[in-house]
$ cat target.tsv   # TSV, N, CA and C atoms and all ligand atoms
chain	number	residue	atom	x	y	z
A	641	MET	N	121.36	100.52	87.72
A	641	MET	CA	121.99	99.74	88.81
A	641	MET	C	123.28	100.41	89.23
A	642	ALA	N	123.37	100.77	90.47
A	642	ALA	CA	124.60	101.36	90.97
A	642	ALA	C	125.54	100.25	91.41
A	643	ASP	N	126.78	100.40	91.04
A	643	ASP	CA	127.76	99.44	91.47
A	643	ASP	C	128.26	99.89	92.84
A	644	GLY	N	128.41	98.97	93.74
A	644	GLY	CA	128.88	99.38	95.05
A	644	GLY	C	127.74	99.50	96.02
A	645	SER	N	127.99	100.13	97.12
A	645	SER	CA	127.00	100.18	98.18
A	645	SER	C	126.81	101.60	98.65
A	646	ASN	N	125.73	101.79	99.38
A	646	ASN	CA	125.41	103.11	99.88
A	646	ASN	C	126.39	103.52	100.96
A	647	GLU	N	126.83	104.77	100.92
A	647	GLU	CA	127.84	105.20	101.89
A	647	GLU	C	127.30	105.24	103.31
A	648	ASN	N	125.98	105.17	103.44
A	648	ASN	CA	125.40	105.18	104.77
A	648	ASN	C	125.30	103.78	105.38
A	649	ASP	N	125.79	102.79	104.65
A	649	ASP	CA	125.71	101.43	105.17
A	649	ASP	C	126.42	101.30	106.52
A	650	GLU	N	125.75	100.62	107.41
A	650	GLU	CA	126.40	100.22	108.65
A	650	GLU	C	126.30	98.71	108.70
A	651	ASN	N	126.90	98.12	109.68
A	651	ASN	CA	126.92	96.66	109.72
A	651	ASN	C	125.54	96.04	109.77
A	652	ASN	N	124.69	96.55	110.61
A	652	ASN	CA	123.40	95.92	110.80
A	652	ASN	C	122.30	96.54	109.96
A	653	LYS	N	122.54	97.71	109.47
A	653	LYS	CA	121.49	98.42	108.77
A	653	LYS	C	122.03	98.85	107.41
A	654	VAL	N	121.75	98.05	106.40
A	654	VAL	CA	122.23	98.40	105.08
A	654	VAL	C	121.08	98.98	104.26
A	655	VAL	N	121.41	99.88	103.39
A	655	VAL	CA	120.41	100.47	102.53
A	655	VAL	C	120.49	99.79	101.17
A	656	LEU	N	119.38	99.20	100.74
A	656	LEU	CA	119.39	98.42	99.50
A	656	LEU	C	118.95	99.21	98.29
A	657	GLY	N	118.28	100.31	98.55
A	657	GLY	CA	117.82	101.09	97.41
A	657	GLY	C	117.34	102.43	97.87
A	658	SER	N	117.19	103.36	96.94
A	658	SER	CA	116.68	104.67	97.27
A	658	SER	C	115.86	105.20	96.11
A	659	ALA	N	114.80	105.91	96.42
A	659	ALA	CA	114.03	106.57	95.39
A	659	ALA	C	114.32	108.06	95.49
A	660	PHE	N	114.75	108.64	94.39
A	660	PHE	CA	115.15	110.04	94.40
A	660	PHE	C	114.11	110.94	93.77
A	661	ARG	N	113.54	111.79	94.56
A	661	ARG	CA	112.71	112.88	94.05
A	661	ARG	C	111.77	112.48	92.92
A	662	ASN	N	111.12	111.34	93.07
A	662	ASN	CA	110.12	110.92	92.11
A	662	ASN	C	110.62	110.73	90.69
A	663	THR	N	111.91	110.63	90.50
A	663	THR	CA	112.36	110.51	89.11
A	663	THR	C	113.16	109.25	88.86
A	664	SER	N	113.87	108.77	89.82
A	664	SER	CA	114.71	107.62	89.51
A	664	SER	C	114.91	106.75	90.73
A	665	ILE	N	115.33	105.54	90.47
A	665	ILE	CA	115.55	104.55	91.52
A	665	ILE	C	116.97	104.04	91.42
A	666	VAL	N	117.60	103.94	92.54
A	666	VAL	CA	118.94	103.37	92.58
A	666	VAL	C	118.90	102.10	93.41
A	667	LEU	N	119.44	101.03	92.86
A	667	LEU	CA	119.61	99.81	93.64
A	667	LEU	C	121.09	99.63	93.92
A	668	TYR	N	121.41	99.25	95.13
A	668	TYR	CA	122.80	99.08	95.50
A	668	TYR	C	123.22	97.64	95.27
A	669	GLY	N	123.72	97.38	94.05
A	669	GLY	CA	123.97	96.03	93.57
A	669	GLY	C	124.88	95.20	94.44
A	670	LYS	N	125.95	95.80	94.87
A	670	LYS	CA	126.93	95.06	95.67
A	670	LYS	C	126.30	94.60	96.98
A	671	THR	N	125.57	95.49	97.60
A	671	THR	CA	124.94	95.16	98.88
A	671	THR	C	123.92	94.06	98.69
A	672	ILE	N	123.13	94.17	97.64
A	672	ILE	CA	122.10	93.16	97.36
A	672	ILE	C	122.76	91.81	97.11
A	673	GLU	N	123.86	91.83	96.37
A	673	GLU	CA	124.57	90.60	96.08
A	673	GLU	C	125.09	89.95	97.36
A	674	ASN	N	125.64	90.77	98.24
A	674	ASN	CA	126.15	90.24	99.51
A	674	ASN	C	125.04	89.57	100.30
A	675	ILE	N	123.89	90.20	100.33
A	675	ILE	CA	122.78	89.65	101.08
A	675	ILE	C	122.31	88.35	100.46
A	676	ALA	N	122.19	88.33	99.15
A	676	ALA	CA	121.74	87.11	98.47
A	676	ALA	C	122.74	85.98	98.69
A	677	ASN	N	124.02	86.33	98.70
A	677	ASN	CA	125.05	85.31	98.89
A	677	ASN	C	125.00	84.68	100.27
A	678	ASN	N	124.42	85.41	101.22
A	678	ASN	CA	124.32	84.89	102.58
A	678	ASN	C	123.25	83.84	102.73
A	679	SER	N	122.42	83.68	101.71
A	679	SER	CA	121.33	82.73	101.81
A	679	SER	C	121.38	81.78	100.64
A	680	ALA	N	121.42	80.49	100.93
A	680	ALA	CA	121.50	79.50	99.86
A	680	ALA	C	120.21	79.45	99.05
A	681	SER	N	119.11	79.81	99.66
A	681	SER	CA	117.82	79.60	99.01
A	681	SER	C	117.27	80.86	98.36
A	682	THR	N	117.97	81.97	98.48
A	682	THR	CA	117.43	83.21	97.97
A	682	THR	C	118.18	83.67	96.73
A	683	ALA	N	117.47	83.87	95.66
A	683	ALA	CA	118.08	84.31	94.41
A	683	ALA	C	118.30	85.81	94.44
A	684	LYS	N	119.45	86.22	93.91
A	684	LYS	CA	119.75	87.64	93.86
A	684	LYS	C	118.66	88.40	93.10
A	685	SER	N	118.14	87.76	92.04
A	685	SER	CA	117.12	88.45	91.24
A	685	SER	C	115.86	88.70	92.05
A	686	ASP	N	115.55	87.79	92.99
A	686	ASP	CA	114.37	88.01	93.83
A	686	ASP	C	114.59	89.17	94.80
A	687	VAL	N	115.79	89.26	95.34
A	687	VAL	CA	116.08	90.38	96.23
A	687	VAL	C	116.00	91.68	95.45
A	688	GLU	N	116.56	91.66	94.24
A	688	GLU	CA	116.51	92.86	93.40
A	688	GLU	C	115.07	93.26	93.09
A	689	SER	N	114.24	92.27	92.74
A	689	SER	CA	112.86	92.56	92.40
A	689	SER	C	112.14	93.17	93.59
A	690	ALA	N	112.37	92.61	94.77
A	690	ALA	CA	111.70	93.11	95.95
A	690	ALA	C	112.09	94.56	96.22
A	691	VAL	N	113.38	94.84	96.15
A	691	VAL	CA	113.84	96.20	96.42
A	691	VAL	C	113.31	97.16	95.35
A	692	LEU	N	113.37	96.72	94.10
A	692	LEU	CA	112.89	97.57	93.02
A	692	LEU	C	111.40	97.89	93.18
A	693	ASN	N	110.60	96.85	93.46
A	693	ASN	CA	109.16	97.07	93.63
A	693	ASN	C	108.88	97.97	94.83
A	694	HIS	N	109.66	97.81	95.86
A	694	HIS	CA	109.51	98.64	97.06
A	694	HIS	C	109.76	100.11	96.72
A	695	GLU	N	110.84	100.35	95.97
A	695	GLU	CA	111.16	101.74	95.61
A	695	GLU	C	110.10	102.31	94.67
A	696	LEU	N	109.57	101.45	93.80
A	696	LEU	CA	108.47	101.90	92.94
A	696	LEU	C	107.29	102.33	93.80
A	697	GLY	N	107.04	101.58	94.87
A	697	GLY	CA	105.97	101.93	95.81
A	697	GLY	C	106.15	103.33	96.35
A	698	HIS	N	107.39	103.69	96.68
A	698	HIS	CA	107.65	105.05	97.15
A	698	HIS	C	107.35	106.06	96.04
A	699	LEU	N	107.74	105.72	94.82
A	699	LEU	CA	107.49	106.65	93.72
A	699	LEU	C	106.00	106.85	93.51
A	700	PHE	N	105.22	105.82	93.83
A	700	PHE	CA	103.77	105.92	93.70
A	700	PHE	C	103.13	106.55	94.93
A	701	GLY	N	103.96	106.97	95.88
A	701	GLY	CA	103.44	107.73	97.00
A	701	GLY	C	103.20	106.96	98.28
A	702	LEU	N	103.76	105.75	98.37
A	702	LEU	CA	103.58	104.96	99.59
A	702	LEU	C	104.76	105.16	100.55
A	703	VAL	N	104.57	105.15	101.86
A	703	VAL	CA	103.27	105.22	102.51
A	703	VAL	C	103.05	106.64	103.01
A	704	ASP	N	101.98	107.24	102.58
A	704	ASP	CA	101.64	108.61	102.97
A	704	ASP	C	102.66	109.64	102.50
A	705	VAL	N	103.31	109.38	101.37
A	705	VAL	CA	104.23	110.36	100.80
A	705	VAL	C	103.75	110.74	99.40
A	706	GLY	N	102.46	111.00	99.29
A	706	GLY	CA	101.89	111.36	97.99
A	706	GLY	C	100.54	110.72	97.80
A	707	SER	N	100.43	109.46	98.22
A	707	SER	CA	99.14	108.79	98.26
A	707	SER	C	98.66	108.81	99.71
A	708	PRO	N	97.67	109.66	100.01
A	708	PRO	CA	97.22	109.78	101.40
A	708	PRO	C	96.72	108.44	101.94
A	709	MET	N	97.06	108.15	103.18
A	709	MET	CA	96.61	106.91	103.80
A	709	MET	C	95.11	106.93	104.00
A	710	GLN	N	94.45	105.85	103.59
A	710	GLN	CA	93.01	105.72	103.80
A	710	GLN	C	92.72	105.32	105.25
A	711	VAL	N	93.56	104.48	105.78
A	711	VAL	CA	93.59	104.21	107.21
A	711	VAL	C	95.04	104.27	107.64
A	712	ASP	N	95.25	104.55	108.91
A	712	ASP	CA	96.61	104.72	109.39
A	712	ASP	C	97.37	103.40	109.39
A	713	HIS	N	98.37	103.29	108.55
A	713	HIS	CA	99.19	102.07	108.57
A	713	HIS	C	100.66	102.39	108.35
A	714	GLU	N	101.04	103.62	108.73
A	714	GLU	CA	102.45	103.97	108.60
A	714	GLU	C	103.21	103.46	109.82
A	715	ASP	N	104.39	102.92	109.57
A	715	ASP	CA	105.25	102.45	110.65
A	715	ASP	C	105.71	103.64	111.48
A	716	PRO	N	105.37	103.66	112.77
A	716	PRO	CA	105.75	104.81	113.61
A	716	PRO	C	107.26	104.96	113.73
A	717	ASP	N	107.99	103.89	113.45
A	717	ASP	CA	109.44	103.93	113.57
A	717	ASP	C	110.15	104.20	112.26
A	718	SER	N	109.40	104.22	111.16
A	718	SER	CA	110.06	104.38	109.88
A	718	SER	C	109.16	105.10	108.90
A	719	GLU	N	109.48	106.34	108.67
A	719	GLU	CA	108.68	107.19	107.81
A	719	GLU	C	108.51	106.58	106.41
A	720	ALA	N	107.32	106.69	105.87
A	720	ALA	CA	107.00	106.23	104.52
A	720	ALA	C	106.98	104.71	104.39
A	721	HIS	N	106.95	104.01	105.53
A	721	HIS	CA	106.88	102.56	105.46
A	721	HIS	C	105.64	102.03	106.16
A	722	CYS	N	105.26	100.82	105.75
A	722	CYS	CA	104.02	100.20	106.19
A	722	CYS	C	104.26	99.36	107.44
A	723	ASN	N	103.24	99.29	108.29
A	723	ASN	CA	103.40	98.52	109.52
A	723	ASN	C	102.75	97.15	109.46
A	724	VAL	N	102.34	96.73	108.25
A	724	VAL	CA	101.71	95.42	108.11
A	724	VAL	C	102.79	94.36	107.84
A	725	ASN	N	102.80	93.36	108.69
A	725	ASN	CA	103.79	92.30	108.56
A	725	ASN	C	103.79	91.67	107.17
A	726	GLY	N	104.94	91.60	106.54
A	726	GLY	CA	105.04	90.92	105.27
A	726	GLY	C	104.72	91.79	104.07
A	727	CYS	N	104.28	93.01	104.30
A	727	CYS	CA	103.95	93.89	103.18
A	727	CYS	C	105.23	94.33	102.46
A	728	LEU	N	105.11	94.51	101.16
A	728	LEU	CA	106.23	94.98	100.35
A	728	LEU	C	106.79	96.31	100.87
A	729	MET	N	105.95	97.14	101.46
A	729	MET	CA	106.39	98.47	101.87
A	729	MET	C	106.88	98.55	103.31
A	730	THR	N	107.12	97.42	103.96
A	730	THR	CA	107.74	97.51	105.28
A	730	THR	C	109.20	97.91	105.11
A	731	SER	N	109.75	98.52	106.14
A	731	SER	CA	111.12	99.02	106.04
A	731	SER	C	112.13	97.88	105.95
A	732	ASN	N	111.71	96.66	106.29
A	732	ASN	CA	112.62	95.51	106.19
A	732	ASN	C	113.21	95.36	104.81
A	733	ILE	N	112.39	95.68	103.80
A	733	ILE	CA	112.83	95.50	102.42
A	733	ILE	C	114.01	96.41	102.11
A	734	GLU	N	113.95	97.61	102.63
A	734	GLU	CA	114.96	98.59	102.25
A	734	GLU	C	116.20	98.49	103.12
A	735	PHE	N	116.00	98.09	104.35
A	735	PHE	CA	117.11	98.14	105.29
A	735	PHE	C	117.58	96.76	105.70
A	736	GLY	N	118.11	96.05	104.69
A	736	GLY	CA	118.84	94.82	104.88
A	736	GLY	C	118.30	93.77	105.82
A	737	GLY	N	119.21	92.89	106.24
A	737	GLY	CA	118.95	91.89	107.25
A	737	GLY	C	117.77	91.00	107.00
A	738	SER	N	116.62	91.38	107.51
A	738	SER	CA	115.48	90.48	107.48
A	738	SER	C	114.84	90.36	106.11
A	739	ILE	N	115.38	91.05	105.11
A	739	ILE	CA	114.81	90.90	103.76
A	739	ILE	C	114.89	89.44	103.32
A	740	ILE	N	115.90	88.74	103.76
A	740	ILE	CA	116.05	87.34	103.37
A	740	ILE	C	114.83	86.52	103.77
A	741	ASP	N	114.33	86.78	104.96
A	741	ASP	CA	113.15	86.03	105.42
A	741	ASP	C	111.93	86.33	104.57
A	742	MET	N	111.88	87.53	104.04
A	742	MET	CA	110.70	87.94	103.28
A	742	MET	C	110.78	87.51	101.82
A	743	VAL	N	111.99	87.35	101.32
A	743	VAL	CA	112.17	87.08	99.90
A	743	VAL	C	112.63	85.66	99.67
A	744	ASP	N	112.12	84.74	100.42
A	744	ASP	CA	112.51	83.35	100.25
A	744	ASP	C	111.62	82.70	99.20
A	745	ASN	N	112.11	82.70	97.97
A	745	ASN	CA	111.35	82.13	96.85
A	745	ASN	C	110.02	82.80	96.59
A	746	ASN	N	109.91	84.03	97.03
A	746	ASN	CA	108.63	84.67	96.81
A	746	ASN	C	108.81	86.16	97.07
A	747	VAL	N	108.58	86.94	96.04
A	747	VAL	CA	108.78	88.38	96.16
A	747	VAL	C	107.56	88.98	96.87
A	748	PRO	N	107.78	89.71	97.95
A	748	PRO	CA	106.65	90.27	98.70
A	748	PRO	C	105.78	91.18	97.85
A	749	GLU	N	104.51	91.24	98.20
A	749	GLU	CA	103.59	92.10	97.48
A	749	GLU	C	102.98	93.12	98.42
A	750	LEU	N	102.31	94.10	97.83
A	750	LEU	CA	101.63	95.09	98.64
A	750	LEU	C	100.47	94.45	99.39
A	751	ASP	N	100.26	94.88	100.62
A	751	ASP	CA	99.10	94.39	101.35
A	751	ASP	C	97.89	95.25	100.96
A	752	ASP	N	96.73	94.87	101.47
A	752	ASP	CA	95.49	95.55	101.08
A	752	ASP	C	95.50	97.04	101.41
A	753	LEU	N	96.09	97.40	102.54
A	753	LEU	CA	96.07	98.81	102.95
A	753	LEU	C	96.86	99.66	101.97
A	754	CYS	N	98.00	99.16	101.55
A	754	CYS	CA	98.80	99.91	100.58
A	754	CYS	C	98.07	99.97	99.23
A	755	ILE	N	97.49	98.86	98.82
A	755	ILE	CA	96.76	98.85	97.55
A	755	ILE	C	95.61	99.84	97.59
A	756	ASN	N	94.89	99.87	98.73
A	756	ASN	CA	93.78	100.81	98.86
A	756	ASN	C	94.23	102.26	98.71
A	757	ASP	N	95.40	102.56	99.26
A	757	ASP	CA	95.92	103.92	99.14
A	757	ASP	C	96.16	104.27	97.67
A	758	LEU	N	96.74	103.31	96.94
A	758	LEU	CA	97.01	103.56	95.53
A	758	LEU	C	95.72	103.72	94.74
A	759	VAL	N	94.76	102.85	95.03
A	759	VAL	CA	93.48	102.92	94.33
A	759	VAL	C	92.81	104.27	94.60
A	760	ALA	N	92.84	104.68	95.87
A	760	ALA	CA	92.21	105.96	96.24
A	760	ALA	C	92.91	107.12	95.57
A	761	ASN	N	94.19	106.94	95.28
A	761	ASN	CA	94.98	108.00	94.67
A	761	ASN	C	94.88	107.97	93.15
A	762	GLY	N	94.10	107.06	92.63
A	762	GLY	CA	93.90	107.01	91.19
A	762	GLY	C	94.73	105.95	90.49
A	763	GLY	N	95.44	105.17	91.23
A	763	GLY	CA	96.23	104.11	90.62
A	763	GLY	C	95.35	102.93	90.30
A	764	ARG	N	95.96	101.91	89.70
A	764	ARG	CA	95.17	100.71	89.46
A	764	ARG	C	96.07	99.49	89.53
A	801	ZN	ZN	111.39	102.28	101.66
A	802	ZN	ZN	101.45	97.90	103.26
$ encode --input "target.tsv" --output "structure tokens"
Amino acid sequence: MADGSNENDENNKVVLGSAFRNTSIVLYGKTIENIANNSASTAKSDVESAVLNHELGHLFGLVDVGSPMQVDHEDPDSEAHCNVNGCLMTSNIEFGGSIIDMVDNNVPELDDLCINDLVANGGR
């Protein structure tokens, strides 16, 4: 857990986590805490879990960064992210703001397209 926030943070677009070269994951604790504090109904641990699982998804090659897409579902506006609404691998999870809507008492999960990519890549 990194204390503090990503230096690339801007007001509307905060970075909640990063996956580095397939070896490690950094969560930006301060930023996550700020976001959780903005919502009465969202637990910080849920935001953390969502970001952590999202970064794990990148480490497992999602989307199209190691696990080839079985069907095209990459977000045209955000490399390595999924374009399926509500999927764990949408860029919303990583880039602040709307994560609150997605993590309201329920940590987002991978959608079928992302799961299929992992399965095809030998995951389970
Ligand atoms: Zn991401
Ligand atoms: Zn997906």
$ residues_near_ligand --input "target.tsv" --ligand "ligand ZN 801 (chain A)" --cutoff "8 Å" --atoms "only N, CA and C atoms and all ligand atoms" --output "JSON, numbers by chain"
{"A": [657, 658, 659, 694, 695, 697, 698, 702, 703, 719, 720, 721, 722, 728, 729, 730, 731, 732, 733, 734, 735]}
$ residues_near_ligand --input "target.tsv" --ligand "ligand ZN 802 (chain A)" --cutoff "8 Å" --atoms "only N, CA and C atoms and all ligand atoms" --output "list in words"
Val703, His713, Glu714, His721, Cys722, Asn723, Val724, Asn725, Gly726, Cys727, Leu728, Met729, Thr730, Glu749, Leu750, Asp751, Asp752, Leu753, Cys754 and Ile755 of chain A
$ write_last_selection --input "target.tsv" --atoms "N, CA and C atoms" --output "short mmCIF file (atom, residue, chain, number, x, y, z; two decimals), in the frame of the given file"
data_model
loop_
_atom_site.label_atom_id
_atom_site.label_comp_id
_atom_site.auth_asym_id
_atom_site.auth_seq_id
_atom_site.Cartn_x
_atom_site.Cartn_y
_atom_site.Cartn_z
N VAL A 703 104.57 105.15 101.86
CA VAL A 703 103.27 105.22 102.51
C VAL A 703 103.05 106.64 103.01
N HIS A 713 98.37 103.29 108.55
CA HIS A 713 99.19 102.07 108.57
C HIS A 713 100.66 102.39 108.35
N GLU A 714 101.04 103.62 108.73
CA GLU A 714 102.45 103.97 108.60
C GLU A 714 103.21 103.46 109.82
N HIS A 721 106.95 104.01 105.53
CA HIS A 721 106.88 102.56 105.46
C HIS A 721 105.64 102.03 106.16
N CYS A 722 105.26 100.82 105.75
CA CYS A 722 104.02 100.20 106.19
C CYS A 722 104.26 99.36 107.44
N ASN A 723 103.24 99.29 108.29
CA ASN A 723 103.40 98.52 109.52
C ASN A 723 102.75 97.15 109.46
N VAL A 724 102.34 96.73 108.25
CA VAL A 724 101.71 95.42 108.11
C VAL A 724 102.79 94.36 107.84
N ASN A 725 102.80 93.36 108.69
CA ASN A 725 103.79 92.30 108.56
C ASN A 725 103.79 91.67 107.17
N GLY A 726 104.94 91.60 106.54
CA GLY A 726 105.04 90.92 105.27
C GLY A 726 104.72 91.79 104.07
N CYS A 727 104.28 93.01 104.30
CA CYS A 727 103.95 93.89 103.18
C CYS A 727 105.23 94.33 102.46
N LEU A 728 105.11 94.51 101.16
CA LEU A 728 106.23 94.98 100.35
C LEU A 728 106.79 96.31 100.87
N MET A 729 105.95 97.14 101.46
CA MET A 729 106.39 98.47 101.87
C MET A 729 106.88 98.55 103.31
N THR A 730 107.12 97.42 103.96
CA THR A 730 107.74 97.51 105.28
C THR A 730 109.20 97.91 105.11
N GLU A 749 104.51 91.24 98.20
CA GLU A 749 103.59 92.10 97.48
C GLU A 749 102.98 93.12 98.42
N LEU A 750 102.31 94.10 97.83
CA LEU A 750 101.63 95.09 98.64
C LEU A 750 100.47 94.45 99.39
N ASP A 751 100.26 94.88 100.62
CA ASP A 751 99.10 94.39 101.35
C ASP A 751 97.89 95.25 100.96
N ASP A 752 96.73 94.87 101.47
CA ASP A 752 95.49 95.55 101.08
C ASP A 752 95.50 97.04 101.41
N LEU A 753 96.09 97.40 102.54
CA LEU A 753 96.07 98.81 102.95
C LEU A 753 96.86 99.66 101.97
N CYS A 754 98.00 99.16 101.55
CA CYS A 754 98.80 99.91 100.58
C CYS A 754 98.07 99.97 99.23
N ILE A 755 97.49 98.86 98.82
CA ILE A 755 96.76 98.85 97.55
C ILE A 755 95.61 99.84 97.59
#
$ closest_residue --input "target.tsv" --among "A:Gly762, A:Asp704, A:Gln710, A:Leu692" --to "Pro748 of chain A" --atoms "only C-alpha atoms"
A:Leu692
$ atom_distance --input "target.tsv" --atom1 "atom C of Gly669 of chain A" --atom2 "atom C of Ile740 of chain A"
16.2 Å
$ atom_distance --input "target.tsv" --atom1 "atom CA of Tyr668 of chain A" --atom2 "atom CA of Val687 of chain A"
11.0 Å
$ atom_distance --input "target.tsv" --atom1 "atom CA of Leu758 of chain A" --atom2 "atom CA of Ser707 of chain A"
6.3 Å
$ residues_around --input "target.tsv" --residues "Val747 of chain A" --least-positions-apart "4" --cutoff "9 Å" --atoms "only C-alpha atoms" --output "PDB file with N, CA and C atoms, keeping the file's coordinate frame"
ATOM      1  N   ASP A 686     115.550  87.790  92.990  1.00  0.00           N
ATOM      2  CA  ASP A 686     114.370  88.010  93.830  1.00  0.00           C
ATOM      3  C   ASP A 686     114.590  89.170  94.800  1.00  0.00           C
ATOM      4  N   VAL A 687     115.790  89.260  95.340  1.00  0.00           N
ATOM      5  CA  VAL A 687     116.080  90.380  96.230  1.00  0.00           C
ATOM      6  C   VAL A 687     116.000  91.680  95.450  1.00  0.00           C
ATOM      7  N   SER A 689     114.240  92.270  92.740  1.00  0.00           N
ATOM      8  CA  SER A 689     112.860  92.560  92.400  1.00  0.00           C
ATOM      9  C   SER A 689     112.140  93.170  93.590  1.00  0.00           C
ATOM     10  N   ALA A 690     112.370  92.610  94.770  1.00  0.00           N
ATOM     11  CA  ALA A 690     111.700  93.110  95.950  1.00  0.00           C
ATOM     12  C   ALA A 690     112.090  94.560  96.220  1.00  0.00           C
ATOM     13  N   LEU A 728     105.110  94.510 101.160  1.00  0.00           N
ATOM     14  CA  LEU A 728     106.230  94.980 100.350  1.00  0.00           C
ATOM     15  C   LEU A 728     106.790  96.310 100.870  1.00  0.00           C
ATOM     16  N   MET A 742     111.880  87.530 104.040  1.00  0.00           N
ATOM     17  CA  MET A 742     110.700  87.940 103.280  1.00  0.00           C
ATOM     18  C   MET A 742     110.780  87.510 101.820  1.00  0.00           C
ATOM     19  N   VAL A 743     111.990  87.350 101.320  1.00  0.00           N
ATOM     20  CA  VAL A 743     112.170  87.080  99.900  1.00  0.00           C
ATOM     21  C   VAL A 743     112.630  85.660  99.670  1.00  0.00           C
TER      22      VAL A 743
END
$ select_by_dssp --input "target.tsv" --residues "segment 650-704 of chain A" --states "strand (DSSP E or B)" --output "list in words"
Gly657, Ser658, Ala659, Phe660, Ser664, Ile665, Val666, Leu667 and Tyr668 of chain A
$ select_by_dssp --input "target.tsv" --residues "segment 655-745 of chain A" --states "alpha helix (DSSP H)" --output "list in words"
Gly669, Lys670, Thr671, Ile672, Glu673, Asn674, Ile675, Ala676, Asn677, Lys684, Ser685, Asp686, Val687, Glu688, Ser689, Ala690, Val691, Leu692, Asn693, His694, Glu695, Leu696, Gly697, His698, Leu699, Ile739, Ile740, Asp741 and Met742 of chain A
$ closest_residue --input "target.tsv" --among "A:Val759, A:Val711, A:Ile739, A:Leu696" --to "Val666 of chain A" --atoms "only C-alpha atoms"
A:Leu696
$ axis_aligned_box --input "target.tsv" --around "segment 713-724 of chain A" --padding-each-side "8 Å" --output "lines of an AutoDock Vina configuration file"
center_x = 104.3
center_y = 100.8
center_z = 109.1
size_x = 27.8
size_y = 28.8
size_z = 25.3
$ closest_residue --input "target.tsv" --among "A:Leu667, A:Asp741, A:Lys684, A:Asp712" --to "Asn756 of chain A" --atoms "only C-alpha atoms"
A:Asp712
